[in-house]
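Engineer: My file is upload.pdb. It has PDB, C-alpha atoms:
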```pdb
ATOM      1  CA  MET B   1       0.000   0.000   0.000
ATOM      2  CA  ALA B   2       1.437   3.395  -1.000
ATOM      3  CA  LEU B   3       1.956   6.084   1.620
ATOM      4  CA  MET B   4      -0.601   8.314  -0.089
ATOM      5  CA  ASP B   5      -3.247   5.617   0.464
ATOM      6  CA  PHE B   6      -3.094   6.499   4.167
ATOM      7  CA  ALA B   7      -4.076  10.056   3.275
ATOM      8  CA  ASN B   8      -7.644   8.842   3.081
ATOM      9  CA  PRO B   9      -9.741   9.957   6.087
ATOM     10  CA  THR B  10     -11.239   6.509   6.678
ATOM     11  CA  ARG B  11      -7.867   4.773   6.517
ATOM     12  CA  PHE B  12      -6.354   7.513   8.661
ATOM     13  CA  LEU B  13      -9.019   6.883  11.323
ATOM     14  CA  ALA B  14      -8.315   3.158  11.312
ATOM     15  CA  LEU B  15      -4.531   3.559  11.436
ATOM     16  CA  SER B  16      -4.510   6.394  13.997
ATOM     17  CA  GLY B  17      -6.941   4.461  16.206
ATOM     18  CA  ARG B  18      -4.296   1.744  16.532
ATOM     19  CA  VAL B  19      -1.278   4.059  16.781
ATOM     20  CA  LEU B  20      -2.609   6.756  19.125
ATOM     21  CA  PRO B  21      -2.604   4.802  22.440
ATOM     22  CA  TRP B  22       1.000   3.637  21.827
ATOM     23  CA  LEU B  23       2.117   7.099  20.750
ATOM     24  CA  THR B  24       0.569   8.675  23.848
ATOM     25  CA  GLY B  25       2.128   6.071  26.138
ATOM     26  CA  LEU B  26       5.534   6.489  24.494
ATOM     27  CA  ALA B  27       5.289  10.286  24.817
ATOM     28  CA  LEU B  28       4.453  10.110  28.538
ATOM     29  CA  ALA B  29       7.162   7.519  29.227
ATOM     30  CA  THR B  30       9.776   9.590  27.349
ATOM     31  CA  LEU B  31       8.741  12.737  29.215
ATOM     32  CA  ALA B  32       8.917  10.907  32.554
ATOM     33  CA  LEU B  33      12.463   9.768  31.744
ATOM     34  CA  GLY B  34      13.394  13.242  30.505
ATOM     35  CA  PHE B  35      12.123  14.967  33.675
ATOM     36  CA  PHE B  36      13.822  12.356  35.868
ATOM     37  CA  LEU B  37      17.158  13.091  34.169
ATOM     38  CA  ALA B  38      16.475  16.845  34.044
ATOM     39  CA  PHE B  39      16.034  17.094  37.811
ATOM     40  CA  ARG B  40      19.087  14.895  38.456
ATOM     41  CA  ALA B  41      21.274  16.930  36.090
ATOM     42  CA  PRO B  42      23.779  19.320  37.668
ATOM     43  CA  GLU B  43      23.068  23.018  38.042
ATOM     44  CA  ASP B  44      24.400  25.316  35.358
ATOM     45  CA  TYR B  45      27.440  27.294  36.511
ATOM     46  CA  GLN B  46      25.776  30.595  35.553
ATOM     47  CA  GLN B  47      22.032  29.905  35.666
ATOM     48  CA  GLY B  48      22.046  27.760  38.798
ATOM     49  CA  GLU B  49      18.753  25.902  39.383
ATOM     50  CA  THR B  50      16.878  28.029  36.831
ATOM     51  CA  VAL B  51      18.449  25.875  34.112
ATOM     52  CA  ARG B  52      15.599  23.424  34.933
ATOM     53  CA  ILE B  53      13.287  25.811  33.072
ATOM     54  CA  MET B  54      15.307  25.221  29.893
ATOM     55  CA  TYR B  55      14.188  21.565  29.779
ATOM     56  CA  ILE B  56      10.672  22.736  28.948
ATOM     57  CA  HIS B  57      11.243  26.198  27.477
ATOM     58  CA  VAL B  58      13.565  25.051  24.679
ATOM     59  CA  PRO B  59      11.307  22.162  23.494
ATOM     60  CA  PHE B  60       8.295  24.525  23.574
ATOM     61  CA  ALA B  61      10.199  26.966  21.344
ATOM     62  CA  TRP B  62      11.292  24.261  18.891
ATOM     63  CA  LEU B  63       7.815  22.758  18.745
ATOM     64  CA  ALA B  64       6.068  26.109  18.284
ATOM     65  CA  MET B  65       8.184  26.486  15.119
ATOM     66  CA  PHE B  66       7.794  22.820  14.142
ATOM     67  CA  GLY B  67       4.005  23.092  14.525
ATOM     68  CA  TYR B  68       3.925  26.161  12.315
ATOM     69  CA  SER B  69       6.070  24.380   9.728
ATOM     70  CA  LEU B  70       3.532  21.532   9.708
ATOM     71  CA  LEU B  71       0.807  24.153   9.240
ATOM     72  CA  ALA B  72       2.653  25.593   6.243
ATOM     73  CA  ALA B  73       3.137  22.119   4.720
ATOM     74  CA  SER B  74      -0.579  21.419   5.237
ATOM     75  CA  ALA B  75      -1.394  24.771   3.647
ATOM     76  CA  LEU B  76       0.419  23.621   0.498
ATOM     77  CA  GLY B  77      -1.693  20.454   0.603
ATOM     78  CA  ILE B  78      -4.842  22.576   0.786
ATOM     79  CA  LEU B  79      -3.944  25.077  -1.940
ATOM     80  CA  VAL B  80      -2.019  22.846  -4.384
ATOM     81  CA  TRP B  81      -3.567  19.374  -4.027
ATOM     82  CA  ARG B  82      -6.849  20.393  -2.309
ATOM     83  CA  HIS B  83      -6.537  17.325  -0.139
ATOM     84  CA  PRO B  84      -9.217  17.109   2.589
ATOM     85  CA  LEU B  85      -6.815  15.559   5.092
ATOM     86  CA  ALA B  86      -4.440  18.527   4.642
ATOM     87  CA  ASP B  87      -7.225  20.871   5.721
ATOM     88  CA  VAL B  88      -7.984  18.601   8.688
ATOM     89  CA  ALA B  89      -4.285  18.599   9.706
ATOM     90  CA  HIS B  90      -4.075  22.367   9.295
ATOM     91  CA  LYS B  91      -7.148  23.100  11.406
ATOM     92  CA  ALA B  92      -6.145  20.627  14.130
ATOM     93  CA  MET B  93      -2.624  22.035  14.569
ATOM     94  CA  ALA B  94      -3.491  25.714  15.140
ATOM     95  CA  PRO B  95      -4.724  25.501  18.781
ATOM     96  CA  ILE B  96      -1.961  23.035  19.713
ATOM     97  CA  GLY B  97       0.747  25.243  18.237
ATOM     98  CA  ALA B  98      -0.753  28.274  19.973
ATOM     99  CA  VAL B  99      -0.463  26.542  23.363
ATOM    100  CA  PHE B 100       3.185  25.589  22.721
ATOM    101  CA  ALA B 101       4.031  29.138  21.556
ATOM    102  CA  PHE B 102       2.315  30.613  24.630
ATOM    103  CA  LEU B 103       4.197  28.241  26.948
ATOM    104  CA  CYS B 104       7.486  29.124  25.249
ATOM    105  CA  LEU B 105       6.875  32.819  25.933
ATOM    106  CA  PHE B 106       5.574  32.209  29.471
ATOM    107  CA  THR B 107       8.459  29.983  30.587
ATOM    108  CA  GLY B 108      11.001  32.225  28.856
ATOM    109  CA  SER B 109       9.566  35.237  30.634
ATOM    110  CA  LEU B 110       9.770  33.527  34.035
ATOM    111  CA  TRP B 111      13.342  32.464  33.275
ATOM    112  CA  GLY B 112      14.238  36.006  32.186
ATOM    113  CA  ARG B 113      13.198  37.671  35.438
ATOM    114  CA  PRO B 114      15.908  36.095  37.642
ATOM    115  CA  MET B 115      18.501  35.836  34.834
ATOM    116  CA  TRP B 116      18.085  39.113  32.945
ATOM    117  CA  GLY B 117      16.295  41.109  35.634
ATOM    118  CA  THR B 118      13.209  41.560  33.466
ATOM    119  CA  TYR B 119      10.230  39.512  32.296
ATOM    120  CA  TRP B 120      10.281  40.978  28.805
ATOM    121  CA  VAL B 121      12.384  42.948  26.345
ATOM    122  CA  TRP B 122      11.439  43.839  22.790
ATOM    123  CA  ASP B 123      14.423  42.064  21.265
ATOM    124  CA  ALA B 124      14.190  40.273  17.922
ATOM    125  CA  ARG B 125      13.891  36.705  19.293
ATOM    126  CA  LEU B 126      11.179  37.473  21.848
ATOM    127  CA  THR B 127       9.255  39.738  19.491
ATOM    128  CA  SER B 128       9.336  37.267  16.568
ATOM    129  CA  MET B 129       8.131  34.487  18.911
ATOM    130  CA  LEU B 130       5.276  36.774  20.034
ATOM    131  CA  VAL B 131       4.447  37.320  16.345
ATOM    132  CA  LEU B 132       4.355  33.512  15.938
ATOM    133  CA  LEU B 133       1.822  33.254  18.781
ATOM    134  CA  LEU B 134      -0.246  36.055  17.209
ATOM    135  CA  LEU B 135      -0.151  34.215  13.860
ATOM    136  CA  TYR B 136      -1.519  31.069  15.525
ATOM    137  CA  LEU B 137      -4.263  33.119  17.222
ATOM    138  CA  GLY B 138      -4.978  34.915  13.935
ATOM    139  CA  LEU B 139      -5.446  31.564  12.180
ATOM    140  CA  LEU B 140      -7.920  30.466  14.862
ATOM    141  CA  ALA B 141      -9.803  33.772  14.588
ATOM    142  CA  LEU B 142      -9.846  33.631  10.773
ATOM    143  CA  ARG B 143     -11.300  30.114  10.691
ATOM    144  CA  SER B 144     -14.025  31.024  13.157
ATOM    145  CA  ALA B 145     -14.842  34.257  11.311
ATOM    146  CA  ILE B 146     -15.641  32.610   7.939
ATOM    147  CA  GLU B 147     -18.775  30.484   7.862
ATOM    148  CA  ASP B 148     -17.991  28.376   4.771
ATOM    149  CA  PRO B 149     -15.422  25.744   5.900
ATOM    150  CA  ASN B 150     -13.810  25.487   2.435
ATOM    151  CA  GLN B 151     -13.320  29.245   2.158
ATOM    152  CA  ALA B 152     -12.078  29.375   5.734
ATOM    153  CA  GLY B 153      -9.572  26.608   4.996
ATOM    154  CA  ARG B 154      -8.206  28.366   1.902
ATOM    155  CA  ALA B 155      -7.953  31.745   3.670
ATOM    156  CA  ALA B 156      -6.199  30.162   6.651
ATOM    157  CA  ALA B 157      -3.835  28.317   4.299
ATOM    158  CA  VAL B 158      -2.851  31.578   2.566
ATOM    159  CA  LEU B 159      -2.313  33.321   5.908
ATOM    160  CA  SER B 160      -0.203  30.467   7.257
ATOM    161  CA  LEU B 161       1.995  30.417   4.131
ATOM    162  CA  VAL B 162       2.517  34.185   4.322
ATOM    163  CA  GLY B 163       3.230  33.896   8.040
ATOM    164  CA  PHE B 164       5.766  31.106   7.483
ATOM    165  CA  VAL B 165       8.330  33.799   6.645
ATOM    166  CA  ASN B 166       8.412  34.432  10.403
ATOM    167  CA  VAL B 167       9.767  30.940  11.231
ATOM    168  CA  PRO B 168      13.314  31.518   9.871
ATOM    169  CA  ILE B 169      13.176  34.983  11.431
ATOM    170  CA  VAL B 170      12.543  33.369  14.853
ATOM    171  CA  LYS B 171      15.349  30.867  14.285
ATOM    172  CA  PHE B 172      18.003  33.277  12.957
ATOM    173  CA  SER B 173      16.959  36.447  14.830
ATOM    174  CA  VAL B 174      19.741  35.870  17.364
ATOM    175  CA  ASP B 175      22.294  35.798  14.508
ATOM    176  CA  TRP B 176      20.871  38.628  12.414
ATOM    177  CA  TRP B 177      20.338  41.141  15.224
ATOM    178  CA  ASN B 178      21.986  42.053  18.483
ATOM    179  CA  THR B 179      19.662  40.424  21.016
ATOM    180  CA  LEU B 180      19.533  39.966  24.774
ATOM    181  CA  HIS B 181      18.454  36.381  24.056
ATOM    182  CA  GLN B 182      21.490  34.120  23.820
ATOM    183  CA  PRO B 183      22.474  32.639  20.407
ATOM    184  CA  ALA B 184      21.721  29.031  19.428
ATOM    185  CA  SER B 185      23.520  26.528  21.632
ATOM    186  CA  VAL B 186      22.262  23.147  20.342
ATOM    187  CA  PHE B 187      21.727  23.236  16.557
ATOM    188  CA  ARG B 188      24.957  24.936  15.437
ATOM    189  CA  MET B 189      27.327  24.291  12.564
ATOM    190  CA  ASP B 190      30.169  23.640  15.042
ATOM    191  CA  GLY B 191      28.082  21.393  17.321
ATOM    192  CA  PRO B 192      26.300  22.005  20.632
ATOM    193  CA  THR B 193      27.938  24.212  23.239
ATOM    194  CA  ILE B 194      26.049  22.580  26.129
ATOM    195  CA  HIS B 195      27.728  19.966  28.313
ATOM    196  CA  SER B 196      26.396  16.453  27.692
ATOM    197  CA  SER B 197      25.117  16.197  31.300
ATOM    198  CA  LEU B 198      22.635  18.962  30.455
ATOM    199  CA  LEU B 199      22.216  18.217  26.744
ATOM    200  CA  TRP B 200      20.950  14.631  27.054
ATOM    201  CA  PRO B 201      18.043  15.408  29.420
ATOM    202  CA  LEU B 202      17.141  18.341  27.156
ATOM    203  CA  MET B 203      17.084  16.167  24.037
ATOM    204  CA  ILE B 204      15.024  13.442  25.747
ATOM    205  CA  CYS B 205      12.513  16.068  26.962
ATOM    206  CA  ALA B 206      12.402  17.461  23.417
ATOM    207  CA  VAL B 207      11.659  14.013  21.956
ATOM    208  CA  GLY B 208       8.960  13.456  24.621
ATOM    209  CA  PHE B 209       7.254  16.785  23.914
ATOM    210  CA  THR B 210       7.485  16.126  20.147
ATOM    211  CA  LEU B 211       5.726  12.774  20.581
ATOM    212  CA  LEU B 212       3.144  14.481  22.818
ATOM    213  CA  MET B 213       2.475  17.156  20.199
ATOM    214  CA  LEU B 214       2.093  14.499  17.477
ATOM    215  CA  ALA B 215      -0.298  12.506  19.696
ATOM    216  CA  LEU B 216      -2.406  15.598  20.450
ATOM    217  CA  HIS B 217      -2.413  16.497  16.755
ATOM    218  CA  MET B 218      -3.467  12.999  15.745
ATOM    219  CA  ALA B 219      -6.307  13.014  18.301
ATOM    220  CA  ALA B 220      -7.446  16.479  17.178
ATOM    221  CA  MET B 221      -7.360  15.352  13.521
ATOM    222  CA  ARG B 222      -9.579  12.377  14.384
ATOM    223  CA  ASN B 223     -12.042  14.750  16.074
ATOM    224  CA  GLU B 224     -12.081  17.010  13.022
ATOM    225  CA  ILE B 225     -12.784  14.104  10.644
ATOM    226  CA  TYR B 226     -15.678  12.985  12.847
ATOM    227  CA  ARG B 227     -16.912  16.607  13.044
ATOM    228  CA  ARG B 228     -17.026  16.799   9.226
ATOM    229  CA  ARG B 229     -18.946  13.532   9.046
ATOM    230  CA  LEU B 230     -21.342  14.888  11.665
ATOM    231  CA  ARG B 231     -21.866  18.039   9.580
ATOM    232  CA  VAL B 232     -22.759  15.924   6.542
ATOM    233  CA  LEU B 233     -25.172  13.756   8.527
ATOM    234  CA  GLU B 234     -26.838  16.786  10.138
ATOM    235  CA  ALA B 235     -27.361  18.309   6.692
ATOM    236  CA  ARG B 236     -28.805  15.012   5.452
ATOM    237  CA  ALA B 237     -31.087  14.711   8.484
ATOM    238  CA  ALA B 238     -32.289  18.281   7.952
ATOM    239  CA  ALA B 239     -32.947  17.587   4.250
ATOM    240  CA  GLU B 240     -34.863  14.393   5.029
ATOM    241  CA  ALA B 241     -36.931  16.249   7.649
ATOM    242  CA  ALA B 242     -37.741  18.966   5.088
ATOM    243  CA  TYR B 243     -38.954  16.406   2.488
ATOM    244  CA  ALA B 244     -40.913  14.357   5.025
TER
ATOM    245  CA  MET T 245      13.423  23.684  47.073
ATOM    246  CA  PHE T 246      15.337  24.835  43.929
ATOM    247  CA  GLY T 247      17.029  27.627  45.862
ATOM    248  CA  GLU T 248      16.035  31.281  45.718
ATOM    249  CA  HIS T 249      14.421  30.925  42.272
ATOM    250  CA  GLY T 250      12.133  28.035  43.207
ATOM    251  CA  PHE T 251       8.984  30.083  42.563
ATOM    252  CA  PHE T 252       9.947  30.662  38.919
ATOM    253  CA  ILE T 253      10.783  26.993  38.302
ATOM    254  CA  ILE T 254       7.637  25.659  39.989
ATOM    255  CA  ALA T 255       5.453  28.254  38.219
ATOM    256  CA  CYS T 256       6.901  27.253  34.826
ATOM    257  CA  TYR T 257       6.315  23.546  35.339
ATOM    258  CA  GLY T 258       2.920  24.093  37.016
ATOM    259  CA  VAL T 259       1.479  26.358  34.328
ATOM    260  CA  SER T 260       2.889  24.135  31.566
ATOM    261  CA  ALA T 261       1.286  21.038  33.119
ATOM    262  CA  LEU T 262      -2.017  22.900  33.531
ATOM    263  CA  ALA T 263      -2.021  24.255  29.964
ATOM    264  CA  LEU T 264      -1.056  20.947  28.331
ATOM    265  CA  GLY T 265      -3.464  19.024  30.592
ATOM    266  CA  ALA T 266      -6.296  21.412  29.708
ATOM    267  CA  LEU T 267      -5.463  21.069  25.990
ATOM    268  CA  ALA T 268      -5.489  17.266  26.221
ATOM    269  CA  LEU T 269      -8.766  17.264  28.195
ATOM    270  CA  TRP T 270     -10.371  19.634  25.690
ATOM    271  CA  ILE T 271      -9.362  17.382  22.778
ATOM    272  CA  VAL T 272     -10.656  14.244  24.552
ATOM    273  CA  ALA T 273     -13.938  15.944  25.565
ATOM    274  CA  ASP T 274     -14.416  17.366  22.058
ATOM    275  CA  GLY T 275     -13.900  13.914  20.535
ATOM    276  CA  ARG T 276     -16.396  12.291  22.881
ATOM    277  CA  LEU T 277     -19.018  14.976  22.204
ATOM    278  CA  VAL T 278     -18.685  14.722  18.413
ATOM    279  CA  ARG T 279     -18.765  10.915  18.408
ATOM    280  CA  ARG T 280     -21.808  10.830  20.717
ATOM    281  CA  ARG T 281     -23.710  13.169  18.375
ATOM    282  CA  LEU T 282     -22.667  11.011  15.404
ATOM    283  CA  GLU T 283     -23.912   7.861  17.146
ATOM    284  CA  GLU T 284     -27.225   9.575  17.982
ATOM    285  CA  LEU T 285     -27.773  10.452  14.326
ATOM    286  CA  GLU T 286     -26.777   6.958  13.145
ATOM    287  CA  ALA T 287     -29.137   5.448  15.710
ATOM    288  CA  ARG T 288     -31.918   7.511  14.079
ATOM    289  CA  GLY T 289     -31.008   5.854  10.767
ATOM    290  CA  VAL T 290     -29.093   8.767   9.234
ATOM    291  CA  ARG T 291     -25.959   7.308   7.641
ATOM    292  CA  ARG T 292     -23.191   8.336   5.268
ATOM    293  CA  ARG T 293     -23.568   7.128   1.669
ATOM    294  CA  SER T 294     -20.320   5.180   2.026
ATOM    295  CA  ALA T 295     -21.404   3.583   5.321
ATOM    296  CA  GLY T 296     -22.260   0.307   3.609
ATOM    297  CA  ARG T 297     -18.914  -0.005   1.909
ATOM    298  CA  ALA T 298     -16.047  -2.016   3.342
ATOM    299  CA  ASP T 299     -13.867   0.981   4.177
ATOM    300  CA  ALA T 300     -16.542   2.835   6.147
TER
END
```
Any chance you could give the structure as structure tokens?
Structural biologist:
Amino acid sequence: MALMDFANPTRFLALSGRVLPWLTGLALATLALGFFLAFRAPEDYQQGETVRIMYIHVPFAWLAMFGYSLLAASALGILVWRHPLADVAHKAMAPIGAVFAFLCLFTGSLWGRPMWGTYWVWDARLTSMLVLLLLYLGLLALRSAIEDPNQAGRAAAVLSLVGFVNVPIVKFSVDWWNTLHQPASVFRMDGPTIHSSLLWPLMICAVGFTLLMLALHMAAMRNEIYRRRLRVLEARAAAEAAYA
Amino acid sequence: MFGEHGFFIIACYGVSALALGALALWIVADGRLVRRRLEELEARGVRRRSAGRADA
């Protein structure tokens, strides 16, 4: 069976129904291991105990960008191939990505107060991440503002593709501008600058949160497919009632 | 616990757990609501055209 055959809503429901419990369990187990290692890891020589915040803040930041990248890929599926499952994936990701972007900003702000002496500065990294959160919220608002689901899907797809320009800005803002936010310390051309005793717990937490995001997305996609079926049946029931 | 910055660490983990827990609960509750309404309609005999096919 070709991979594209799974891009059929009915097959997706069958496959995701089998995968979702295992994916959720794996996500929770990975997160449990990650937190266990994170709280056993040594303090950072500069940040002290507040380095514990990095084990959630950094994955939230990565996943806020990853979620938006999935949105942009789904938007291509909507506009180029007009695939119904692309629209389902797009709609399901927006609230999840918004929560991850919010948590990135919230945890970063609480880390900044003891480390920088302030909850917020309008530097390029923080501001571009705030723009990412606003883009997620804008997508949610746009979908709820347009009554026709097909029109809403196309409008949201266009907005998410336009907004995708912000993702590299978030990533490279610390290189392009002089920011209070520190430069990248994991994904660098010359390798990570974090000691392995701190890096491994961070990477395991990141994998756990990634699996959690995928599980939440899969569950939300299933809901959206059922919601579309419900809409069709309600229309049919209304039509039958009108002819009766 | 966690030294002088314990409040910030606990607040980060607490709010993150609350937000992700609320998101997960909302998705589960939404799924149950939609599937219950679907089952109610199907119980009334309203079905999709493809419901009789093997893949439905």
Engineer: Could you tell me which residues the PyMOL selection byres ((chain T and resi 276) around 12) returns for this structure, as a list in words?
Structural biologist: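 Applied to this file, the PyMOL selection byres ((chain T and resi 276) around 12) returns Ala219, Ala220, Arg222, Asn223, Glu224, Tyr226 and Arg227 of chain B; Leu269, Trp270, Ile271, Val272, Ala273, Asp274, Gly275, Leu277, Val278, Arg279, Arg280, Arg281, Leu282 and Glu283 of chain T.
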Engineer: Residues of chain T that approach chain B to 9 Å or less, counting all atoms listed in the file: could you list each one with the shortest pair of atoms and its distance in Å to one decimal, rows by chain and increasing residue number, as a Markdown table?
Structural biologist:
```
| residue | atom | partner | partner_atom | distance |
| --- | --- | --- | --- | --- |
| T:Phe246 | CA | B:Glu49 | CA | 5.8 |
| T:Gly247 | CA | B:Glu49 | CA | 6.9 |
| T:Glu248 | CA | B:Glu49 | CA | 8.7 |
| T:His249 | CA | B:Thr50 | CA | 6.6 |
| T:Gly250 | CA | B:Glu49 | CA | 7.9 |
| T:Phe252 | CA | B:Leu110 | CA | 5.7 |
| T:Ile253 | CA | B:Ile53 | CA | 5.9 |
| T:Ile254 | CA | B:Ile53 | CA | 8.9 |
| T:Ala255 | CA | B:Leu110 | CA | 8.0 |
| T:Cys256 | CA | B:Thr107 | CA | 5.3 |
| T:Tyr257 | CA | B:Ile53 | CA | 7.7 |
| T:Val259 | CA | B:Leu103 | CA | 8.1 |
| T:Ser260 | CA | B:Leu103 | CA | 6.3 |
| T:Ala263 | CA | B:Val99 | CA | 7.2 |
| T:Leu264 | CA | B:Val99 | CA | 7.5 |
| T:Leu267 | CA | B:Ile96 | CA | 7.5 |
| T:Ala268 | CA | B:Leu216 | CA | 6.8 |
| T:Ile271 | CA | B:Ala220 | CA | 6.0 |
| T:Val272 | CA | B:Ala219 | CA | 7.7 |
| T:Asp274 | CA | B:Asn223 | CA | 6.9 |
| T:Gly275 | CA | B:Asn223 | CA | 4.9 |
| T:Arg276 | CA | B:Asn223 | CA | 8.4 |
| T:Val278 | CA | B:Arg227 | CA | 6.0 |
| T:Arg279 | CA | B:Tyr226 | CA | 6.7 |
| T:Arg281 | CA | B:Leu230 | CA | 7.3 |
| T:Leu282 | CA | B:Leu230 | CA | 5.5 |
| T:Leu285 | CA | B:Leu233 | CA | 7.2 |
| T:Glu286 | CA | B:Leu233 | CA | 8.4 |
| T:Val290 | CA | B:Ala237 | CA | 6.3 |
| T:Arg291 | CA | B:Leu233 | CA | 6.6 |
| T:Arg292 | CA | B:Leu233 | CA | 6.6 |
| T:Asp299 | CA | B:Thr10 | CA | 6.6 |
| T:Ala300 | CA | B:Thr10 | CA | 6.5 |
```
Engineer: I want to know what sits within 10 Å of B:Leu79, based on only C-alpha atoms, with residues of the same chain fewer than 2 positions away left out; could you give that as a PDB file with C-alpha atoms, in the coordinates of the input?
Structural biologist:
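Done, and the output landed in part37.pdb:
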```
ATOM      1  CA  SER B  74      -0.579  21.419   5.237  1.00  0.00           C
ATOM      2  CA  ALA B  75      -1.394  24.771   3.647  1.00  0.00           C
ATOM      3  CA  LEU B  76       0.419  23.621   0.498  1.00  0.00           C
ATOM      4  CA  GLY B  77      -1.693  20.454   0.603  1.00  0.00           C
ATOM      5  CA  TRP B  81      -3.567  19.374  -4.027  1.00  0.00           C
ATOM      6  CA  ARG B  82      -6.849  20.393  -2.309  1.00  0.00           C
ATOM      7  CA  HIS B  83      -6.537  17.325  -0.139  1.00  0.00           C
ATOM      8  CA  ALA B  86      -4.440  18.527   4.642  1.00  0.00           C
ATOM      9  CA  ASP B  87      -7.225  20.871   5.721  1.00  0.00           C
ATOM     10  CA  GLY B 153      -9.572  26.608   4.996  1.00  0.00           C
ATOM     11  CA  ARG B 154      -8.206  28.366   1.902  1.00  0.00           C
ATOM     12  CA  ALA B 155      -7.953  31.745   3.670  1.00  0.00           C
ATOM     13  CA  ALA B 157      -3.835  28.317   4.299  1.00  0.00           C
ATOM     14  CA  VAL B 158      -2.851  31.578   2.566  1.00  0.00           C
TER      15      VAL B 158
END
```
Engineer: Could you check how far atom CA of B:Leu180 sits from atom CA of B:Val131, in Å to one decimal?
Structural biologist: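 That distance, rounded to one decimal, is 17.5 Å.
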Engineer: Convert the output of the PyMOL selection byres ((chain B and resi 94) around 8) on the shown file into explicit residues, formatted as number ranges by chain.
Structural biologist: B: 67-68, 71, 90-93, 95-98, 136-137, 139-140
Engineer: What are the centre and edge lengths in Å, to one decimal, of the axis-aligned box around all listed atoms of stretch 262-270 of chain T with 8 Å added on each side, as JSON?
Structural biologist:
```
{"center_x": -5.7, "center_y": 20.8, "center_z": 29.6, "size_x": 25.3, "size_y": 23.0, "size_z": 23.8}
```
Engineer: Between atom CA of B:Gly163 and atom CA of B:Leu135, what is the spacing in Å?
Structural biologist: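 Separating atom CA of B:Leu135 from atom CA of B:Gly163 is a distance of 6.7 Å.
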Engineer: May I ask for the distance between atom CA of B:Gln46 and atom CA of B:Ile194, given in Å to one decimal place?
Structural biologist: 12.4 Å
Engineer: Between B:Ala27, B:Ala101, B:Ser16, B:Leu161, which is the closest to B:Phe66 once you count all atoms listed in the file?
Structural biologist: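 Looking at the shortest contact to B:Phe66, the residue is B:Ala101.
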Engineer: Pick the closest to B:Leu132 from B:Gly34, B:Pro192, B:Pro149, B:Pro168: which is it, counting only C-alpha atoms?
Structural biologist: B:Pro168
Engineer: Mind telling me what the PyMOL selection byres ((chain B and resi 174) around 12) catches here, as an mmCIF file with C-alpha atoms, in the frame of the given file?
Structural biologist:
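Printed below is result.cif as written:
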```cif
data_model
loop_
_atom_site.group_PDB
_atom_site.id
_atom_site.type_symbol
_atom_site.label_atom_id
_atom_site.label_comp_id
_atom_site.auth_asym_id
_atom_site.auth_seq_id
_atom_site.Cartn_x
_atom_site.Cartn_y
_atom_site.Cartn_z
ATOM 1 C CA ASP B 123 14.423 42.064 21.265
ATOM 2 C CA ALA B 124 14.190 40.273 17.922
ATOM 3 C CA ARG B 125 13.891 36.705 19.293
ATOM 4 C CA LEU B 126 11.179 37.473 21.848
ATOM 5 C CA THR B 127 9.255 39.738 19.491
ATOM 6 C CA SER B 128 9.336 37.267 16.568
ATOM 7 C CA MET B 129 8.131 34.487 18.911
ATOM 8 C CA PRO B 168 13.314 31.518 9.871
ATOM 9 C CA ILE B 169 13.176 34.983 11.431
ATOM 10 C CA VAL B 170 12.543 33.369 14.853
ATOM 11 C CA LYS B 171 15.349 30.867 14.285
ATOM 12 C CA PHE B 172 18.003 33.277 12.957
ATOM 13 C CA SER B 173 16.959 36.447 14.830
ATOM 14 C CA ASP B 175 22.294 35.798 14.508
ATOM 15 C CA TRP B 176 20.871 38.628 12.414
ATOM 16 C CA TRP B 177 20.338 41.141 15.224
ATOM 17 C CA ASN B 178 21.986 42.053 18.483
ATOM 18 C CA THR B 179 19.662 40.424 21.016
ATOM 19 C CA LEU B 180 19.533 39.966 24.774
ATOM 20 C CA HIS B 181 18.454 36.381 24.056
ATOM 21 C CA GLN B 182 21.490 34.120 23.820
ATOM 22 C CA PRO B 183 22.474 32.639 20.407
ATOM 23 C CA ALA B 184 21.721 29.031 19.428
ATOM 24 C CA SER B 185 23.520 26.528 21.632
#
```
Engineer: Any chance you could model N, CA and C atoms for stretch 268-275 of chain T and send them as a JSON list (two decimals), keeping the file's coordinate frame?
Structural biologist:
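So the final result, stored in selection13.json, reads:
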```
[["chain", "number", "residue", "atom", "x", "y", "z"],
["T", 268, "ALA", "N", -5.20, 18.70, 26.42],
["T", 268, "ALA", "CA", -5.49, 17.27, 26.22],
["T", 268, "ALA", "C", -6.93, 16.96, 26.61],
["T", 269, "LEU", "N", -7.38, 17.51, 27.75],
["T", 269, "LEU", "CA", -8.77, 17.26, 28.20],
["T", 269, "LEU", "C", -9.77, 17.82, 27.20],
["T", 270, "TRP", "N", -9.47, 19.01, 26.67],
["T", 270, "TRP", "CA", -10.37, 19.63, 25.69],
["T", 270, "TRP", "C", -10.48, 18.76, 24.44],
["T", 271, "ILE", "N", -9.35, 18.23, 23.98],
["T", 271, "ILE", "CA", -9.36, 17.38, 22.78],
["T", 271, "ILE", "C", -10.15, 16.10, 23.05],
["T", 272, "VAL", "N", -9.93, 15.48, 24.22],
["T", 272, "VAL", "CA", -10.66, 14.24, 24.55],
["T", 272, "VAL", "C", -12.16, 14.52, 24.66],
["T", 273, "ALA", "N", -12.52, 15.61, 25.37],
["T", 273, "ALA", "CA", -13.94, 15.94, 25.56],
["T", 273, "ALA", "C", -14.60, 16.28, 24.23],
["T", 274, "ASP", "N", -13.89, 17.01, 23.38],
["T", 274, "ASP", "CA", -14.42, 17.37, 22.06],
["T", 274, "ASP", "C", -14.68, 16.10, 21.24],
["T", 275, "GLY", "N", -13.74, 15.16, 21.28],
["T", 275, "GLY", "CA", -13.90, 13.91, 20.54],
["T", 275, "GLY", "C", -15.10, 13.12, 21.02]]
```
